[in-house]
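Enquirer: Pasting entry24.cif here (mmCIF, C-alpha atoms):
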data_protein
loop_
_atom_site.label_atom_id
_atom_site.label_comp_id
_atom_site.auth_asym_id
_atom_site.auth_seq_id
_atom_site.Cartn_x
_atom_site.Cartn_y
_atom_site.Cartn_z
CA MET A 111 9.95 9.39 22.34
CA ALA A 112 11.80 9.41 19.01
CA PHE A 113 9.77 7.57 16.35
CA ASN A 114 6.96 7.32 18.90
CA ASN A 115 8.88 4.56 20.71
CA ILE A 116 7.77 2.17 17.96
CA TYR A 117 11.09 0.24 18.00
CA GLN A 118 11.37 -0.12 21.78
CA GLY A 119 11.63 -3.82 22.67
CA LYS A 120 11.03 -4.94 19.07
CA ARG A 121 12.99 -7.54 17.10
CA VAL A 122 14.50 -5.74 14.10
CA LEU A 123 16.35 -7.56 11.31
CA VAL A 124 18.84 -5.52 9.28
CA THR A 125 20.34 -7.10 6.16
CA GLY A 126 23.73 -5.71 5.22
CA ASN A 127 24.23 -4.78 8.87
CA THR A 128 28.03 -4.99 8.69
CA GLY A 129 28.22 -2.26 6.05
CA PHE A 130 28.55 1.48 6.57
CA LYS A 131 24.83 2.34 6.50
CA GLY A 132 23.90 -0.91 8.20
CA SER A 133 26.26 -0.20 11.10
CA TRP A 134 24.84 3.29 11.65
CA LEU A 135 21.27 1.96 11.43
CA SER A 136 22.02 -0.87 13.87
CA THR A 137 23.55 1.57 16.35
CA TRP A 138 20.56 3.88 16.12
CA LEU A 139 18.13 1.01 16.61
CA ILE A 140 20.07 -0.12 19.70
CA SER A 141 19.75 3.40 21.10
CA LEU A 142 15.98 3.17 20.49
CA GLY A 143 15.75 0.02 22.59
CA ALA A 144 15.40 -2.50 19.76
CA LYS A 145 16.81 -6.01 19.78
CA VAL A 146 18.85 -5.97 16.58
CA TYR A 147 19.54 -8.98 14.38
CA GLY A 148 21.87 -8.81 11.39
CA TYR A 149 22.41 -10.83 8.23
CA ALA A 150 25.37 -10.07 5.96
CA ASP A 151 28.04 -11.78 3.89
CA GLY A 152 31.08 -10.99 6.03
CA ILE A 153 32.80 -7.71 6.82
CA PRO A 154 33.02 -5.48 3.72
CA SER A 155 36.17 -3.49 4.53
CA ASN A 156 39.24 -3.33 6.73
CA PRO A 157 38.94 -1.34 8.90
CA SER A 158 35.17 -1.47 9.22
CA MET A 159 32.73 0.52 11.30
CA PHE A 160 31.03 -2.71 12.40
CA GLU A 161 34.22 -3.92 14.12
CA THR A 162 35.59 -0.51 15.12
CA ILE A 163 32.58 0.35 17.29
CA GLY A 164 32.13 -3.21 18.56
CA LEU A 165 28.78 -4.05 16.98
CA ASP A 166 29.82 -7.69 16.76
CA LYS A 167 29.18 -7.78 20.53
CA LYS A 168 25.91 -5.82 20.41
CA VAL A 169 24.04 -7.38 17.47
CA ASN A 170 22.76 -10.93 16.97
CA HIS A 171 24.59 -11.43 13.68
CA LYS A 172 24.53 -14.25 11.14
CA ASN A 173 26.95 -14.57 8.23
CA GLY A 174 25.17 -15.46 5.02
CA ASP A 175 24.84 -14.63 1.32
CA ILE A 176 21.65 -12.67 0.64
CA ARG A 177 21.19 -14.83 -2.48
CA ASP A 178 20.92 -18.00 -0.37
CA GLY A 179 17.17 -18.31 -0.13
CA VAL A 180 17.08 -21.30 2.20
CA MET A 181 19.53 -19.84 4.72
CA PHE A 182 17.92 -16.42 4.76
CA ASN A 183 14.39 -17.77 5.08
CA ASP A 184 15.46 -20.05 7.94
CA PHE A 185 16.99 -17.05 9.72
CA VAL A 186 13.85 -14.96 9.29
CA GLN A 187 11.69 -17.79 10.60
CA SER A 188 13.94 -18.25 13.63
CA VAL A 189 14.09 -14.53 14.48
CA ARG A 190 10.42 -13.74 13.73
CA PRO A 191 11.23 -10.02 13.34
CA ASN A 192 8.72 -7.26 13.89
CA PHE A 193 10.64 -5.10 11.40
CA ILE A 194 12.93 -5.86 8.45
CA PHE A 195 15.24 -3.27 6.91
CA HIS A 196 16.82 -4.65 3.72
CA LEU A 197 20.11 -2.88 2.97
CA ALA A 198 22.28 -5.78 1.75
CA ALA A 199 23.75 -4.86 -1.64
CA GLN A 200 26.81 -4.57 -3.83
CA ALA A 201 27.03 -0.78 -3.72
CA ILE A 202 30.35 0.14 -5.34
CA VAL A 203 30.13 1.42 -8.93
CA SER A 204 33.72 0.46 -9.84
CA THR A 205 33.17 -3.07 -8.49
CA SER A 206 30.06 -3.41 -10.65
CA TYR A 207 32.24 -3.03 -13.75
CA ALA A 208 34.71 -5.66 -12.52
CA GLU A 209 32.02 -8.03 -11.24
CA PRO A 210 28.82 -7.28 -13.19
CA LEU A 211 27.10 -10.63 -12.72
CA ASP A 212 27.78 -10.65 -8.98
CA THR A 213 26.41 -7.11 -8.72
CA LEU A 214 23.25 -7.94 -10.63
CA THR A 215 22.49 -11.11 -8.71
CA THR A 216 23.25 -9.59 -5.30
CA ASN A 217 21.06 -6.55 -5.90
CA ALA A 218 18.20 -8.02 -7.94
CA VAL A 219 18.11 -11.71 -7.00
CA GLY A 220 18.99 -10.81 -3.39
CA THR A 221 15.93 -8.56 -3.27
CA ALA A 222 13.78 -11.40 -4.62
CA VAL A 223 15.13 -13.69 -1.89
CA VAL A 224 14.13 -11.17 0.78
CA LEU A 225 10.68 -10.79 -0.74
CA GLU A 226 10.24 -14.56 -0.88
CA ALA A 227 11.10 -14.78 2.81
CA ILE A 228 8.59 -12.01 3.52
CA ARG A 229 5.97 -13.95 1.53
CA LYS A 230 6.33 -16.84 4.00
CA ILE A 231 5.89 -14.68 7.12
CA ASP A 232 2.71 -15.50 9.07
CA TRP A 233 3.04 -12.81 11.77
CA GLU A 234 2.74 -9.03 11.74
CA CYS A 235 5.86 -7.53 10.14
CA THR A 236 6.81 -4.14 8.73
CA CYS A 237 9.39 -4.18 5.93
CA VAL A 238 11.43 -1.32 4.47
CA ILE A 239 13.30 -2.22 1.28
CA ILE A 240 16.14 0.17 0.44
CA THR A 241 17.23 0.55 -3.18
CA SER A 242 18.99 3.70 -4.47
CA ASP A 243 18.57 6.97 -6.34
CA LYS A 244 20.68 5.25 -9.04
CA ALA A 245 17.61 3.16 -9.86
CA TYR A 246 16.20 6.10 -11.83
CA ASP A 247 16.87 6.40 -15.55
CA ASN A 248 19.23 9.35 -15.19
CA VAL A 249 19.07 11.81 -18.10
CA GLU A 250 21.03 14.38 -16.04
CA TRP A 251 18.38 17.06 -16.03
CA ILE A 252 18.39 19.78 -13.37
CA TRP A 253 15.12 18.70 -11.74
CA GLY A 254 14.86 16.16 -8.98
CA TYR A 255 13.54 12.71 -9.83
CA ARG A 256 10.13 11.83 -8.44
CA GLU A 257 9.02 8.42 -7.24
CA ASN A 258 6.96 7.78 -10.39
CA ASP A 259 9.79 8.55 -12.83
CA SER A 260 11.25 5.80 -15.01
CA MET A 261 13.66 3.21 -13.65
CA GLY A 262 16.80 2.31 -15.58
CA GLY A 263 20.53 2.90 -15.78
CA LYS A 264 23.41 3.06 -18.24
CA ASP A 265 25.92 1.39 -15.93
CA VAL A 266 25.74 -2.03 -14.29
CA TYR A 267 25.18 -0.75 -10.75
CA SER A 268 22.30 1.51 -11.80
CA GLY A 269 20.84 -1.28 -13.92
CA SER A 270 21.00 -3.69 -11.00
CA LYS A 271 19.09 -1.24 -8.80
CA GLY A 272 16.53 -0.63 -11.54
CA ALA A 273 16.15 -4.41 -11.82
CA ALA A 274 15.62 -4.65 -8.06
CA GLU A 275 12.80 -2.13 -8.40
CA LEU A 276 11.14 -4.26 -11.09
CA VAL A 277 11.45 -7.29 -8.81
CA LEU A 278 9.81 -5.29 -6.04
CA LYS A 279 6.98 -4.18 -8.29
CA CYS A 280 6.02 -7.64 -9.50
CA TRP A 281 6.39 -9.35 -6.07
CA TRP A 282 4.32 -6.59 -4.49
CA HIS A 283 1.44 -6.83 -6.97
CA SER A 284 1.55 -10.62 -7.28
CA PHE A 285 1.91 -11.54 -3.62
CA VAL A 286 2.70 -9.07 -0.86
CA LYS A 287 -0.14 -6.58 -1.34
CA HIS A 288 -2.59 -9.39 -0.62
CA MET A 289 -0.99 -10.18 2.76
CA PRO A 290 -2.84 -8.31 5.56
CA ASN A 291 -0.04 -9.02 8.05
CA ILE A 292 2.68 -7.28 6.00
CA ARG A 293 3.35 -3.56 5.69
CA LEU A 294 6.00 -2.72 3.08
CA GLY A 295 7.65 0.45 1.82
CA ILE A 296 10.48 1.27 -0.57
CA ALA A 297 13.17 3.83 0.22
CA ARG A 298 15.50 5.51 -2.27
CA ALA A 299 18.41 7.68 -1.20
CA GLY A 300 21.49 9.16 -2.82
CA ASN A 301 25.14 9.58 -1.95
CA VAL A 302 25.58 9.30 1.80
CA ILE A 303 28.70 10.28 3.67
CA GLY A 304 29.71 10.03 7.30
CA GLY A 305 32.19 8.69 9.79
CA GLY A 306 33.00 4.99 9.67
CA ASP A 307 32.94 4.50 5.91
CA TRP A 308 35.98 2.66 4.52
CA ALA A 309 34.47 1.25 1.35
CA LYS A 310 36.47 1.18 -1.87
CA ASP A 311 36.41 4.19 -4.22
CA ARG A 312 34.47 6.50 -1.89
CA ILE A 313 35.57 10.11 -1.93
CA ILE A 314 35.44 10.66 1.84
CA VAL A 315 37.43 7.47 2.41
CA ASP A 316 40.06 8.61 -0.08
CA CYS A 317 40.21 12.00 1.66
CA VAL A 318 40.71 10.84 5.24
CA LYS A 319 43.24 8.19 4.26
CA ALA A 320 45.23 10.79 2.32
CA PHE A 321 44.95 13.47 5.00
CA SER A 322 46.06 11.06 7.74
CA THR A 323 49.22 10.14 5.80
CA GLY A 324 50.07 13.59 4.44
CA ASN A 325 49.25 12.73 0.83
CA CYS A 326 47.14 14.48 -1.81
CA VAL A 327 43.64 13.28 -2.66
CA GLU A 328 43.35 12.07 -6.24
CA ILE A 329 39.97 12.88 -7.80
CA ARG A 330 38.87 11.92 -11.29
CA SER A 331 35.71 14.03 -11.69
CA PRO A 332 36.13 17.32 -9.78
CA LYS A 333 33.05 18.93 -11.34
CA ALA A 334 30.73 16.00 -10.70
CA THR A 335 27.84 17.27 -8.59
CA ARG A 336 26.26 15.16 -5.88
CA PRO A 337 23.46 15.79 -3.36
CA TRP A 338 25.72 15.09 -0.39
CA GLN A 339 23.96 14.10 2.81
CA HIS A 340 25.05 12.67 6.13
CA VAL A 341 24.20 9.01 6.56
CA LEU A 342 21.81 9.84 9.41
CA GLU A 343 19.54 11.77 7.02
CA PRO A 344 18.22 8.85 4.96
CA LEU A 345 18.31 6.56 8.01
CA SER A 346 15.91 8.91 9.78
CA GLY A 347 13.72 8.59 6.69
CA TYR A 348 13.88 4.78 6.75
CA LEU A 349 12.97 4.71 10.43
CA THR A 350 10.15 7.21 9.89
CA LEU A 351 8.80 5.13 7.02
CA GLY A 352 8.94 2.03 9.23
CA GLN A 353 7.06 3.87 11.97
CA TYR A 354 4.35 5.24 9.68
CA LEU A 355 3.83 1.87 8.00
CA SER A 356 3.60 0.07 11.33
CA GLU A 357 1.09 2.60 12.66
CA GLY A 358 -0.96 2.57 9.44
CA LYS A 359 -0.28 6.25 8.80
CA CYS A 360 0.83 5.92 5.17
CA GLU A 361 -0.13 3.88 2.14
CA ASN A 362 1.21 0.35 1.88
CA GLY A 363 3.57 -0.55 -0.99
CA GLU A 364 4.69 3.02 -1.76
CA ALA A 365 8.18 4.31 -2.63
CA PHE A 366 9.75 7.39 -1.02
CA ASN A 367 12.82 9.48 -1.84
CA PHE A 368 15.06 10.66 0.99
CA GLY A 369 17.53 13.33 0.01
CA PRO A 370 19.20 16.53 1.17
CA ARG A 371 18.27 20.13 0.63
CA ALA A 372 18.87 21.57 -2.82
CA GLU A 373 21.74 23.77 -1.65
CA GLN A 374 23.70 20.68 -0.56
CA SER A 375 24.45 19.72 -4.14
CA LYS A 376 28.16 20.47 -4.23
CA THR A 377 30.93 19.38 -6.55
CA VAL A 378 33.42 16.71 -5.55
CA LEU A 379 36.15 19.36 -5.49
CA GLU A 380 34.18 21.61 -3.12
CA LEU A 381 33.59 18.73 -0.72
CA VAL A 382 37.25 17.71 -0.67
CA GLN A 383 38.44 21.26 -0.08
CA ASP A 384 35.91 21.89 2.70
CA LEU A 385 36.88 18.69 4.49
CA SER A 386 40.60 19.45 4.17
CA SER A 387 40.04 22.87 5.77
CA LEU A 388 38.35 21.25 8.77
CA TRP A 389 41.31 18.88 8.96
CA GLY A 390 43.57 21.91 9.34
CA LEU A 391 45.13 21.64 5.88
CA ASN A 392 45.51 24.04 2.98
CA PRO A 393 42.68 23.06 0.60
CA ASP A 394 44.64 24.23 -2.44
CA SER A 395 47.49 21.80 -1.81
CA THR A 396 45.57 18.65 -0.90
CA VAL A 397 44.03 17.79 -4.27
CA LYS A 398 45.48 16.10 -7.34
CA LEU A 399 43.30 15.97 -10.46
CA THR A 400 43.83 12.73 -12.37
CA GLY A 401 41.38 13.25 -15.22
CA ASN A 402 41.15 9.48 -15.36
CA VAL A 403 37.54 8.34 -15.61
CA PRO A 404 37.72 4.58 -16.30
CA PHE A 405 33.95 4.09 -16.42
CA HIS A 406 30.71 6.00 -16.94
CA GLU A 407 29.66 8.14 -13.99
CA ALA A 408 26.68 10.48 -13.86
CA THR A 409 27.65 14.08 -13.21
CA LEU A 410 24.25 15.22 -11.92
CA LEU A 411 21.57 13.34 -10.00
CA LYS A 412 19.00 14.94 -7.68
CA LEU A 413 15.93 13.67 -5.89
CA ASN A 414 12.59 15.35 -5.34
CA CYS A 415 11.57 14.59 -1.74
CA ASP A 416 8.20 16.35 -1.69
CA LYS A 417 6.36 13.07 -1.20
CA ALA A 418 8.28 12.27 2.00
CA LEU A 419 7.47 15.75 3.31
CA ALA A 420 3.80 15.51 2.41
CA TYR A 421 3.07 11.98 3.65
CA LEU A 422 5.75 11.34 6.30
CA ASN A 423 6.39 14.88 7.53
CA TRP A 424 10.07 14.22 6.80
CA HIS A 425 12.79 16.48 5.50
CA SER A 426 16.55 16.56 5.97
CA THR A 427 17.95 18.11 9.14
CA LEU A 428 21.58 19.09 8.70
CA ASN A 429 22.89 21.81 6.43
CA TYR A 430 25.99 21.17 4.34
CA ASP A 431 28.43 22.66 6.86
CA GLN A 432 27.00 20.61 9.72
CA CYS A 433 27.25 17.49 7.60
CA VAL A 434 30.96 18.03 6.90
CA ASP A 435 31.58 18.92 10.57
CA PHE A 436 30.11 15.60 11.71
CA ILE A 437 32.36 13.72 9.31
CA ALA A 438 35.54 15.57 10.23
CA ASP A 439 34.87 15.05 13.96
CA TRP A 440 34.39 11.29 13.56
CA TYR A 441 37.47 10.64 11.44
CA ARG A 442 39.69 12.97 13.46
CA ALA A 443 38.74 10.94 16.53
CA TYR A 444 39.86 7.79 14.72
CA TYR A 445 43.00 8.97 12.93
CA ILE A 446 44.31 11.80 15.11
CA ASP A 447 42.89 11.38 18.62
CA LYS A 448 43.10 7.57 18.38
CA SER A 449 39.82 7.38 20.30
CA SER A 450 39.11 4.03 21.86
CA ASP A 451 35.38 4.69 22.23
CA LEU A 452 34.02 5.46 18.79
CA TYR A 453 30.77 3.73 19.72
CA ARG A 454 30.16 6.49 22.27
CA LEU A 455 31.01 9.17 19.67
CA THR A 456 28.63 7.54 17.20
CA MET A 457 25.85 7.56 19.80
CA GLU A 458 26.63 11.20 20.60
CA GLN A 459 26.30 12.15 16.93
CA ILE A 460 22.96 10.34 16.75
CA ASP A 461 21.80 12.26 19.84
CA LYS A 462 23.08 15.55 18.40
CA TYR A 463 21.31 14.87 15.11
CA THR A 464 18.06 14.00 16.91
CA ALA A 465 18.28 17.19 18.97
CA ALA A 466 18.75 19.26 15.80
CA ALA A 467 15.67 17.59 14.27
CA ALA A 468 13.66 18.26 17.43
CA GLN A 469 14.59 21.95 17.23
CA GLN A 470 13.13 21.95 13.73
CA LYS A 471 9.94 20.36 15.10
CA LEU A 472 10.29 17.20 13.04
CA ALA A 473 7.70 14.79 14.39
CA TRP A 474 9.95 11.72 14.49
CA ALA A 475 12.39 13.45 16.88
CA LEU A 476 9.85 14.75 19.38
#
I'd like the structure from this file rewritten - as structure tokens, please.
Expert:
Amino acid sequence: MAFNNIYQGKRVLVTGNTGFKGSWLSTWLISLGAKVYGYADGIPSNPSMFETIGLDKKVNHKNGDIRDGVMFNDFVQSVRPNFIFHLAAQAIVSTSYAEPLDTLTTNAVGTAVVLEAIRKIDWECTCVIITSDKAYDNVEWIWGYRENDSMGGKDVYSGSKGAAELVLKCWWHSFVKHMPNIRLGIARAGNVIGGGDWAKDRIIVDCVKAFSTGNCVEIRSPKATRPWQHVLEPLSGYLTLGQYLSEGKCENGEAFNFGPRAEQSKTVLELVQDLSSLWGLNPDSTVKLTGNVPFHEATLLKLNCDKALAYLNWHSTLNYDQCVDFIADWYRAYYIDKSSDLYRLTMEQIDKYTAAAAQQKLAWAL
């Protein structure tokens, strides 16, 4: 009965389905009985979770650039989805400095393309548009950002996400809010970590690659603090938002933050050392501090998730130790145990996460 069986037998379109978050979301939707369709511009990494767990055989996938309005609209019209989850994005900060125009157009124009396709839908459809906590104008204060705080960003990636939010705002007020057949919500989440991520310049990726080859992990900003959360945390929020919108239980056109508990804000150094301990290594000998920060990076960014608790009855499930345990188990299965059935392990972690949420009496898991 998770998510009130709202996704059972439904056609669900996930953009960016070949990415890290998209692969986890697709797997979860399959476990909920949904018929999953995907739209993404190729495979983002090698290895990739999408290929490693065999989603290419389980999802109705189409290769396409999210900026190609004609191709994407044609796909939406052919699928006629009951739900759309828009995750497709250029999400790597370092890449945004090397390819700023590509980042801006993918994240802002790509969002406009999705909204244009939604504007042409003539059936009942619930849409969850995912942006990022980086969309907020980060002044690095100690308080969590609320959904009505200013959008902005000093770096290209943050700016592109802020721009996507402005696109959302004007398309919503100009067009979508007047469509009685469309329910739409916006989701913002922070740094997510978990098994199956092999994207460039991600700290967990750097860790497991180094640990598996006996090398030290090079970190450039050891004191940078992040609200670390397992990838299943925000995904449970996205799915809850989709459920509540579809059932008419929350306001249409609203934005929601999905983040971890306050005590999960740890430094990069703490995370690396904790993961190395679970790997069976000496945490003091697995880290190399480079001091090389080639581009601007925020050192502190937190979200206030009171709105999600108040209106969606949602809060995060795992504590910090459980989060790191999940990650270590997944990557050890890949690198050390050489597991041939990581799809099963992924499903088991989803089940374990759902059981933990049910113990906490979270409505979506009951």
Enquirer: Write out, as a tab-separated table, each residue of region 158-271 of chain A that has an atom at most 12 Å from region 357-363 of chain A, together with the closest pair of atoms and their distance in Å to one decimal, counting all atoms listed in the file, rows going by chain and rising number.
Expert:
residue	atom	partner	partner_atom	distance
A:Glu234	CA	A:Glu357	CA	11.8
A:Cys235	CA	A:Glu357	CA	11.5
A:Thr236	CA	A:Glu357	CA	9.7
A:Cys237	CA	A:Gly363	CA	9.7
A:Val238	CA	A:Gly363	CA	9.6
A:Ile239	CA	A:Gly363	CA	10.1
Enquirer: Run the PyMOL selection byres ((chain A and resi 172) around 7) mentally over the shown coordinates, then write out the matched residues as a PyMOL selection string, using the chain letters and numbers from the document.
Expert: chain A and resi 148-150+170-171+173-174
Enquirer: When the PyMOL selection byres ((chain A and resi 348) around 12) is applied to the file above, which residues end up in the set, as a ChimeraX atom specification?
Expert: /A:113,124,131-132,135,138-139,193-197,236-241,294-299,341-347,349-355,365-369,418,422,424-425,474
Enquirer: Near Phe182 (chain A), counting only C-alpha atoms, which residues have an atom at most 10 Å away, once you skip same-chain residues fewer than 2 positions from it, shown as a list in words?
Expert: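 Skipping anything fewer than 2 positions along the chain leaves Thr125, Tyr149, Ala150, Lys172, Asn173, Gly174, Asp175, Ile176, Arg177, Asp178, Gly179, Val180, Asp184, Phe185, Val186, Gln187, Ser188, Gly220, Val223, Val224, Glu226 and Ala227 of chain A.
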Enquirer: If you apply the PyMOL selection byres ((chain A and resi 338) around 6) to this file, what residues do you get, as a PyMOL selection string?
Expert: chain A and resi 301+336-337+339+374
Enquirer: List the spatial neighbours of Phe130 (chain A) as a list in words - criterion: any atom at most 7 Å away, only C-alpha atoms, same-chain residues fewer than 4 positions off excluded.
Expert: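 Returned residues: Trp134, Met159, Gly306 and Asp307 of chain A.
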Enquirer: What's the separation between CA of Tyr117 (chain A) and CA of Ser356 (chain A), in Å to one decimal place?
Expert: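 The value is 10.0 Å.
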Enquirer: Using only C-alpha atoms, find the one residue out of A:Ser133, A:Ala144, A:Glu250, A:Tyr463 that sits nearest to Ile116 (chain A).
Expert: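 The answer is A:Ala144, which sits nearest to Ile116 (chain A).
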